[in-house]
Amino acid sequence: MIANKTMEAELLKERPEEWRALAKESITRAEELAKHLNISVEEIKEVAGVYPMRISRYYLSLIENENDAIWKQCVPDARELKDDVGVADPLFEEKDSPVEGLTHRYPDRVLLLVSNDCANYCRFCTRKRRIGKPFRKITREQIAECISYIREHSEIRDVLVSGGDPLMLEDSEIEHILKELRSIEHVEIIRIGTRVPCTLPQRITPELCAMLRRYHPLYINVHFNHPKELTPQSKRALELLANAGIPLGNQSVLLRGVNDNPEVMMDLNRKLLKMRVKPYYIYQCDLVRGTEHFRTKVENGIKIIESLRGFTSGLAVPQFVIDAPCGGGKIPISPNYIVKRTKKGIIMRNYENKVFSYPEPEMET
Ligand code: SF4
């Protein structure tokens with residue numbers, strides 16, 4: 001018992017510099033990966049030659065069995081090269097981009113890409129076309145141009161800072177971006193999308209959180225797909241962020257053989273809520289080239305929502321969405337609880353399939 005406590009304390013000890021060393025030691029070569037996993041070096045090389053590989057040693061240590069949920073998300077797979085359904089940029093992020101690195105699709109908000117680096121290169125990534133590719137590196141000049149665009153467009157009140165992973169930048173670089181954005185009067189809300197609390201939780205340091213909390217209102221969306229990713233290290237990272245007053249949401253992607261299952265999603269979302277993270281979205285997998293083997297039927301996502309709604313707290317029920325191909329934006333997909341509409345009201349069913357009616361007001365509006 002004493003030994004366990006010591007180990008746990010050691011694991012959770014504050015080491016502000018540790019994340020840099022861990023990031024530097026990430027696995028990027030097939031031969032290195034083969035020292036840990038039973039894989040074909042040739043296959044990994046062939047796939048990683050097209051879609052780069054990077055796995056943090058921390059995330060690798062979460063693999064328990066060949067082809068388990070963690071393995072599938074990070075180990076290159078030959079099927080990535082055999083996909084003739086997907087396209088490079090199905091969401092038209094680049095078509096809707098007035099300045100390199102910025103997507104302006106919705107009326108009042110923009111997506112600002114500040115890095116093409118991540119702790120892990122997830123095999124299902126929507127931005128597979130750019131992640132880890134040196135020729136897609138985002139420069140400071142590009143970021144400055146994007147910020148000028150935001151400054152010139154007073155309708156933009158919400159900026160989502162993403163990448164890659166913005167938290168792979170140094171604290172000073174992140175602060176520079178936040179400071180610039182905060183100096184723009186019409187920018188009301190800043191959001192950061194990051195997967196490091198899941199793939200390199202050591203990156204969330206007290207120093208980083210002390211800096212972030214100076215730029216409220218700041219929201220962070222994290223990205224966990226499976227309950228096995230919610231380790232003591234991740235819990236600690238999420239606690240640090242929540243204690244800095246940052247509202248946390250989670251975005252999951254529905255992935256075949258990883259989380260396309262109601263029990264897994266129930267477990268994930270309940271655990272997230274316990275760690276003060278509100279399950280926000282479950283995304284249907286985008287039509288990205290190289291990810292067809294991850295796609296599941298839309299019906300599975302609807303069944304997952306039906307299995308959560310009513311059976312657990314509404315706070316633990318995310319919105320299932322499809323990001324429509326060709327830049328149509330996020331469209332919510334829900335189970336149908338309305339059985340019938342009549343002139344007098346609606347007939348509806350509850351989570352147990354019991355039927356109820358609700359009368360409309362008699363007064364005309
Ligand atoms: S962390 Fe996010 S941006 Fe980076 S590879 Fe994974 S899904 Fe893509």
# chains A, B, ... in the order shown; residues from 1 in each chain; ligands from 1
call {"tool": "residues_near_ligand", "arguments": {"ligand": "ligand 1", "cutoff": "6 Å", "atoms": "only C-alpha atoms and all ligand atoms", "output": "ChimeraX atom specification"}}
result
/A:118,120-122,125,127,163-165,195
call {"tool": "write_last_selection", "arguments": {"atoms": "N, CA, C and O atoms", "output": "PDB file, in the first residue's frame"}}
result
ATOM      1  N   CYS A 118       1.339  17.822 -33.303  1.00  0.00           N
ATOM      2  CA  CYS A 118       0.510  17.240 -32.237  1.00  0.00           C
ATOM      3  C   CYS A 118       1.384  16.260 -31.458  1.00  0.00           C
ATOM      4  O   CYS A 118       2.408  15.798 -31.964  1.00  0.00           O
ATOM      5  N   ASN A 120       0.463  13.255 -30.666  1.00  0.00           N
ATOM      6  CA  ASN A 120       0.230  12.026 -31.446  1.00  0.00           C
ATOM      7  C   ASN A 120      -0.331  12.444 -32.789  1.00  0.00           C
ATOM      8  O   ASN A 120      -1.103  13.411 -32.832  1.00  0.00           O
ATOM      9  N   TYR A 121      -0.007  11.722 -33.838  1.00  0.00           N
ATOM     10  CA  TYR A 121      -0.717  11.940 -35.090  1.00  0.00           C
ATOM     11  C   TYR A 121      -1.799  10.869 -35.170  1.00  0.00           C
ATOM     12  O   TYR A 121      -1.515   9.705 -35.488  1.00  0.00           O
ATOM     13  N   CYS A 122      -3.022  11.283 -34.831  1.00  0.00           N
ATOM     14  CA  CYS A 122      -4.121  10.314 -34.750  1.00  0.00           C
ATOM     15  C   CYS A 122      -4.428   9.797 -36.155  1.00  0.00           C
ATOM     16  O   CYS A 122      -4.534  10.587 -37.098  1.00  0.00           O
ATOM     17  N   CYS A 125      -7.442  11.399 -38.110  1.00  0.00           N
ATOM     18  CA  CYS A 125      -7.525  12.867 -38.067  1.00  0.00           C
ATOM     19  C   CYS A 125      -8.176  13.483 -39.313  1.00  0.00           C
ATOM     20  O   CYS A 125      -7.859  13.120 -40.443  1.00  0.00           O
ATOM     21  N   ARG A 127      -7.592  16.429 -40.294  1.00  0.00           N
ATOM     22  CA  ARG A 127      -6.572  17.239 -40.985  1.00  0.00           C
ATOM     23  C   ARG A 127      -5.349  16.402 -41.329  1.00  0.00           C
ATOM     24  O   ARG A 127      -4.214  16.871 -41.300  1.00  0.00           O
ATOM     25  N   GLY A 163      -5.403  23.400 -34.520  1.00  0.00           N
ATOM     26  CA  GLY A 163      -4.183  23.060 -35.250  1.00  0.00           C
ATOM     27  C   GLY A 163      -4.438  21.833 -36.117  1.00  0.00           C
ATOM     28  O   GLY A 163      -5.489  21.718 -36.743  1.00  0.00           O
ATOM     29  N   GLY A 164      -3.596  20.832 -35.984  1.00  0.00           N
ATOM     30  CA  GLY A 164      -2.628  20.531 -34.960  1.00  0.00           C
ATOM     31  C   GLY A 164      -3.109  20.857 -33.557  1.00  0.00           C
ATOM     32  O   GLY A 164      -4.283  21.034 -33.305  1.00  0.00           O
ATOM     33  N   ASP A 165      -2.149  20.908 -32.698  1.00  0.00           N
ATOM     34  CA  ASP A 165      -2.501  21.146 -31.304  1.00  0.00           C
ATOM     35  C   ASP A 165      -1.841  22.435 -30.832  1.00  0.00           C
ATOM     36  O   ASP A 165      -0.603  22.512 -30.736  1.00  0.00           O
ATOM     37  N   ARG A 195      -5.740  18.088 -27.800  1.00  0.00           N
ATOM     38  CA  ARG A 195      -5.809  16.674 -27.385  1.00  0.00           C
ATOM     39  C   ARG A 195      -4.692  16.333 -26.395  1.00  0.00           C
ATOM     40  O   ARG A 195      -4.557  15.203 -25.973  1.00  0.00           O
TER      41      ARG A 195
END
call {"tool": "residues_around", "arguments": {"residues": "range 222-230 of chain A", "least_positions_apart": "6", "cutoff": "9 Å", "atoms": "only C-alpha atoms", "output": "NGL selection string"}}
result
:A and (59 or 62 or 69-70 or 192-199 or 248-255 or 258-259 or 264-265 or 267-269 or 271-272 or 277)
call {"tool": "residues_around", "arguments": {"residues": "Ser162 in chain A", "least_positions_apart": "6", "cutoff": "10 Å", "atoms": "only C-alpha atoms", "output": "NGL selection string"}}
result
:A and (101-102 or 111-116 or 191-194 or 221)
call {"tool": "write_last_selection", "arguments": {"atoms": "N, CA and C atoms", "output": "PDB file, in the first residue's frame"}}
result
ATOM      1  N   GLY A 101      -4.511  29.325 -43.063  1.00  0.00           N
ATOM      2  CA  GLY A 101      -4.516  29.047 -41.624  1.00  0.00           C
ATOM      3  C   GLY A 101      -5.794  29.498 -40.923  1.00  0.00           C
ATOM      4  N   LEU A 102      -6.718  30.100 -41.682  1.00  0.00           N
ATOM      5  CA  LEU A 102      -7.952  30.584 -41.050  1.00  0.00           C
ATOM      6  C   LEU A 102      -9.164  30.147 -41.889  1.00  0.00           C
ATOM      7  N   LEU A 111     -12.128  29.643 -37.366  1.00  0.00           N
ATOM      8  CA  LEU A 111     -11.197  28.607 -36.935  1.00  0.00           C
ATOM      9  C   LEU A 111      -9.800  29.115 -37.261  1.00  0.00           C
ATOM     10  N   LEU A 112      -8.946  29.186 -36.253  1.00  0.00           N
ATOM     11  CA  LEU A 112      -7.587  29.702 -36.454  1.00  0.00           C
ATOM     12  C   LEU A 112      -6.595  28.570 -36.179  1.00  0.00           C
ATOM     13  N   LEU A 113      -5.866  28.163 -37.219  1.00  0.00           N
ATOM     14  CA  LEU A 113      -4.893  27.081 -37.051  1.00  0.00           C
ATOM     15  C   LEU A 113      -3.535  27.699 -36.719  1.00  0.00           C
ATOM     16  N   VAL A 114      -2.954  27.274 -35.604  1.00  0.00           N
ATOM     17  CA  VAL A 114      -1.697  27.905 -35.185  1.00  0.00           C
ATOM     18  C   VAL A 114      -0.523  26.924 -35.149  1.00  0.00           C
ATOM     19  N   SER A 115      -0.793  25.652 -35.452  1.00  0.00           N
ATOM     20  CA  SER A 115       0.292  24.661 -35.399  1.00  0.00           C
ATOM     21  C   SER A 115      -0.129  23.466 -36.259  1.00  0.00           C
ATOM     22  N   ASN A 116       0.841  22.781 -36.866  1.00  0.00           N
ATOM     23  CA  ASN A 116       0.452  21.522 -37.522  1.00  0.00           C
ATOM     24  C   ASN A 116       1.121  20.348 -36.830  1.00  0.00           C
ATOM     25  N   ARG A 191     -11.679  30.087 -27.788  1.00  0.00           N
ATOM     26  CA  ARG A 191     -11.723  28.655 -27.471  1.00  0.00           C
ATOM     27  C   ARG A 191     -10.439  28.011 -27.970  1.00  0.00           C
ATOM     28  N   ILE A 192      -9.971  27.017 -27.229  1.00  0.00           N
ATOM     29  CA  ILE A 192      -8.799  26.257 -27.669  1.00  0.00           C
ATOM     30  C   ILE A 192      -9.232  24.802 -27.824  1.00  0.00           C
ATOM     31  N   GLY A 193      -8.863  24.192 -28.944  1.00  0.00           N
ATOM     32  CA  GLY A 193      -9.100  22.754 -29.145  1.00  0.00           C
ATOM     33  C   GLY A 193      -7.784  22.037 -28.948  1.00  0.00           C
ATOM     34  N   THR A 194      -7.738  21.071 -28.049  1.00  0.00           N
ATOM     35  CA  THR A 194      -6.478  20.379 -27.763  1.00  0.00           C
ATOM     36  C   THR A 194      -6.706  18.916 -27.400  1.00  0.00           C
ATOM     37  N   ASN A 221     -11.810  22.822 -25.404  1.00  0.00           N
ATOM     38  CA  ASN A 221     -12.405  21.545 -25.795  1.00  0.00           C
ATOM     39  C   ASN A 221     -11.302  20.514 -25.896  1.00  0.00           C
TER      40      ASN A 221
END
call {"tool": "residues_around", "arguments": {"residues": "Gly49 in chain A", "least_positions_apart": "2", "cutoff": "12 Å", "atoms": "only C-alpha atoms", "output": "list in words"}}
result
Thr28, Arg29, Ala30, Val41, Glu42, Glu43, Ile44, Lys45, Glu46, Val47, Tyr51, Pro52, Met53, Arg54, Pro76, Asp77, Ala78, Glu80, Leu81, Gly132 and Lys133 of chain A
call {"tool": "select_by_dssp", "arguments": {"residues": "range 166-333 of chain A", "states": "alpha helix (DSSP H)", "output": "PyMOL selection string"}}
result
chain A and resi 171-182+196-199+206-212+232-243+262-274+298-308
call {"tool": "closest_residue", "arguments": {"among": "A:Ile282, A:Ser313, A:Asn65, A:Val288", "to": "Ile333 in chain A", "atoms": "only C-alpha atoms"}}
result
A:Ile282
call {"tool": "residues_around", "arguments": {"residues": "range 273-276 of chain A", "least_positions_apart": "4", "cutoff": "8 Å", "atoms": "only C-alpha atoms", "output": "PyMOL selection string"}}
result
chain A and resi 235+238-239+242+248+269+315-316
call {"tool": "write_last_selection", "arguments": {"atoms": "N, CA, C and O atoms", "output": "mmCIF file, in the first residue's frame"}}
result
data_model
loop_
_atom_site.group_PDB
_atom_site.id
_atom_site.type_symbol
_atom_site.label_atom_id
_atom_site.label_comp_id
_atom_site.auth_asym_id
_atom_site.auth_seq_id
_atom_site.Cartn_x
_atom_site.Cartn_y
_atom_site.Cartn_z
ATOM 1 N N LYS A 235 -6.416 12.899 -15.534
ATOM 2 C CA LYS A 235 -7.286 13.485 -14.501
ATOM 3 C C LYS A 235 -6.602 14.715 -13.891
ATOM 4 O O LYS A 235 -7.212 15.764 -13.713
ATOM 5 N N LEU A 238 -6.693 17.654 -16.339
ATOM 6 C CA LEU A 238 -8.029 18.251 -16.426
ATOM 7 C C LEU A 238 -8.341 19.052 -15.172
ATOM 8 O O LEU A 238 -8.953 20.120 -15.234
ATOM 9 N N GLU A 239 -7.908 18.542 -14.031
ATOM 10 C CA GLU A 239 -8.125 19.279 -12.771
ATOM 11 C C GLU A 239 -7.397 20.615 -12.784
ATOM 12 O O GLU A 239 -7.942 21.636 -12.361
ATOM 13 N N ALA A 242 -9.399 22.917 -15.020
ATOM 14 C CA ALA A 242 -10.680 23.301 -14.405
ATOM 15 C C ALA A 242 -10.431 24.243 -13.231
ATOM 16 O O ALA A 242 -11.175 25.210 -13.031
ATOM 17 N N LEU A 248 -14.567 23.195 -19.460
ATOM 18 C CA LEU A 248 -14.022 22.145 -20.323
ATOM 19 C C LEU A 248 -15.150 21.367 -21.000
ATOM 20 O O LEU A 248 -16.123 20.977 -20.349
ATOM 21 N N ASN A 269 -18.386 9.019 -20.970
ATOM 22 C CA ASN A 269 -19.041 10.299 -20.675
ATOM 23 C C ASN A 269 -19.306 10.485 -19.185
ATOM 24 O O ASN A 269 -19.203 11.598 -18.664
ATOM 25 N N LEU A 315 -26.418 16.032 -18.432
ATOM 26 C CA LEU A 315 -25.100 16.672 -18.558
ATOM 27 C C LEU A 315 -24.097 15.753 -19.246
ATOM 28 O O LEU A 315 -23.116 16.200 -19.822
ATOM 29 N N ALA A 316 -24.335 14.439 -19.147
ATOM 30 C CA ALA A 316 -23.387 13.474 -19.731
ATOM 31 C C ALA A 316 -23.766 13.091 -21.160
ATOM 32 O O ALA A 316 -23.153 12.199 -21.744
#
call {"tool": "closest_residue", "arguments": {"among": "A:Ser56, A:Gln142, A:Thr291, A:Ser61", "to": "Arg20 in chain A", "atoms": "only C-alpha atoms"}}
result
A:Ser56
call {"tool": "select_by_dssp", "arguments": {"residues": "range 42-203 of chain A", "states": "strand (DSSP E)", "output": "PDB file with N, CA, C and O atoms, in the first residue's frame"}}
result
ATOM      1  N   LEU A 102      -6.718  30.100 -41.682  1.00  0.00           N
ATOM      2  CA  LEU A 102      -7.952  30.584 -41.050  1.00  0.00           C
ATOM      3  C   LEU A 102      -9.164  30.147 -41.889  1.00  0.00           C
ATOM      4  O   LEU A 102      -9.149  30.282 -43.105  1.00  0.00           O
ATOM      5  N   THR A 103     -10.170  29.588 -41.235  1.00  0.00           N
ATOM      6  CA  THR A 103     -11.401  29.215 -41.936  1.00  0.00           C
ATOM      7  C   THR A 103     -12.533  30.074 -41.392  1.00  0.00           C
ATOM      8  O   THR A 103     -12.744  30.130 -40.175  1.00  0.00           O
ATOM      9  N   ARG A 109     -17.930  33.460 -36.171  1.00  0.00           N
ATOM     10  CA  ARG A 109     -16.766  32.797 -35.576  1.00  0.00           C
ATOM     11  C   ARG A 109     -15.822  32.244 -36.646  1.00  0.00           C
ATOM     12  O   ARG A 109     -16.240  31.990 -37.775  1.00  0.00           O
ATOM     13  N   VAL A 110     -14.559  32.067 -36.234  1.00  0.00           N
ATOM     14  CA  VAL A 110     -13.563  31.543 -37.175  1.00  0.00           C
ATOM     15  C   VAL A 110     -12.745  30.442 -36.506  1.00  0.00           C
ATOM     16  O   VAL A 110     -12.658  30.354 -35.282  1.00  0.00           O
ATOM     17  N   LEU A 111     -12.128  29.643 -37.366  1.00  0.00           N
ATOM     18  CA  LEU A 111     -11.197  28.607 -36.935  1.00  0.00           C
ATOM     19  C   LEU A 111      -9.800  29.115 -37.261  1.00  0.00           C
ATOM     20  O   LEU A 111      -9.514  29.470 -38.413  1.00  0.00           O
ATOM     21  N   LEU A 112      -8.946  29.186 -36.253  1.00  0.00           N
ATOM     22  CA  LEU A 112      -7.587  29.702 -36.454  1.00  0.00           C
ATOM     23  C   LEU A 112      -6.595  28.570 -36.179  1.00  0.00           C
ATOM     24  O   LEU A 112      -6.509  28.066 -35.053  1.00  0.00           O
ATOM     25  N   LEU A 113      -5.866  28.163 -37.219  1.00  0.00           N
ATOM     26  CA  LEU A 113      -4.893  27.081 -37.051  1.00  0.00           C
ATOM     27  C   LEU A 113      -3.535  27.699 -36.719  1.00  0.00           C
ATOM     28  O   LEU A 113      -3.042  28.540 -37.469  1.00  0.00           O
ATOM     29  N   ASP A 158     -16.017  35.157 -31.864  1.00  0.00           N
ATOM     30  CA  ASP A 158     -15.633  33.888 -31.241  1.00  0.00           C
ATOM     31  C   ASP A 158     -14.517  33.270 -32.095  1.00  0.00           C
ATOM     32  O   ASP A 158     -14.710  33.060 -33.307  1.00  0.00           O
ATOM     33  N   VAL A 159     -13.356  33.011 -31.484  1.00  0.00           N
ATOM     34  CA  VAL A 159     -12.237  32.435 -32.245  1.00  0.00           C
ATOM     35  C   VAL A 159     -11.881  31.087 -31.650  1.00  0.00           C
ATOM     36  O   VAL A 159     -11.592  30.971 -30.447  1.00  0.00           O
ATOM     37  N   LEU A 160     -11.903  30.060 -32.502  1.00  0.00           N
ATOM     38  CA  LEU A 160     -11.477  28.721 -32.067  1.00  0.00           C
ATOM     39  C   LEU A 160     -10.030  28.525 -32.500  1.00  0.00           C
ATOM     40  O   LEU A 160      -9.728  28.482 -33.690  1.00  0.00           O
ATOM     41  N   VAL A 161      -9.143  28.447 -31.519  1.00  0.00           N
ATOM     42  CA  VAL A 161      -7.712  28.279 -31.808  1.00  0.00           C
ATOM     43  C   VAL A 161      -7.425  26.778 -31.824  1.00  0.00           C
ATOM     44  O   VAL A 161      -7.649  26.078 -30.842  1.00  0.00           O
ATOM     45  N   SER A 162      -6.959  26.300 -32.989  1.00  0.00           N
ATOM     46  CA  SER A 162      -6.771  24.857 -33.127  1.00  0.00           C
ATOM     47  C   SER A 162      -5.505  24.587 -33.933  1.00  0.00           C
ATOM     48  O   SER A 162      -4.617  25.424 -34.023  1.00  0.00           O
ATOM     49  N   ILE A 189     -15.095  35.741 -27.193  1.00  0.00           N
ATOM     50  CA  ILE A 189     -14.791  34.408 -26.656  1.00  0.00           C
ATOM     51  C   ILE A 189     -13.607  33.799 -27.395  1.00  0.00           C
ATOM     52  O   ILE A 189     -13.517  33.894 -28.627  1.00  0.00           O
ATOM     53  N   ILE A 190     -12.724  33.180 -26.618  1.00  0.00           N
ATOM     54  CA  ILE A 190     -11.623  32.432 -27.238  1.00  0.00           C
ATOM     55  C   ILE A 190     -11.779  30.982 -26.803  1.00  0.00           C
ATOM     56  O   ILE A 190     -12.002  30.689 -25.621  1.00  0.00           O
ATOM     57  N   ARG A 191     -11.679  30.087 -27.788  1.00  0.00           N
ATOM     58  CA  ARG A 191     -11.723  28.655 -27.471  1.00  0.00           C
ATOM     59  C   ARG A 191     -10.439  28.011 -27.970  1.00  0.00           C
ATOM     60  O   ARG A 191      -9.899  28.412 -29.002  1.00  0.00           O
ATOM     61  N   ILE A 192      -9.971  27.017 -27.229  1.00  0.00           N
ATOM     62  CA  ILE A 192      -8.799  26.257 -27.669  1.00  0.00           C
ATOM     63  C   ILE A 192      -9.232  24.802 -27.824  1.00  0.00           C
ATOM     64  O   ILE A 192      -9.899  24.252 -26.944  1.00  0.00           O
ATOM     65  N   GLY A 193      -8.863  24.192 -28.944  1.00  0.00           N
ATOM     66  CA  GLY A 193      -9.100  22.754 -29.145  1.00  0.00           C
ATOM     67  C   GLY A 193      -7.784  22.037 -28.948  1.00  0.00           C
ATOM     68  O   GLY A 193      -6.788  22.386 -29.597  1.00  0.00           O
TER      69      GLY A 193
END
call {"tool": "residues_around", "arguments": {"residues": "range 153-155 of chain A", "least_positions_apart": "5", "cutoff": "8 Å", "atoms": "only C-alpha atoms", "output": "PyMOL selection string"}}
result
chain A and resi 107-109+186
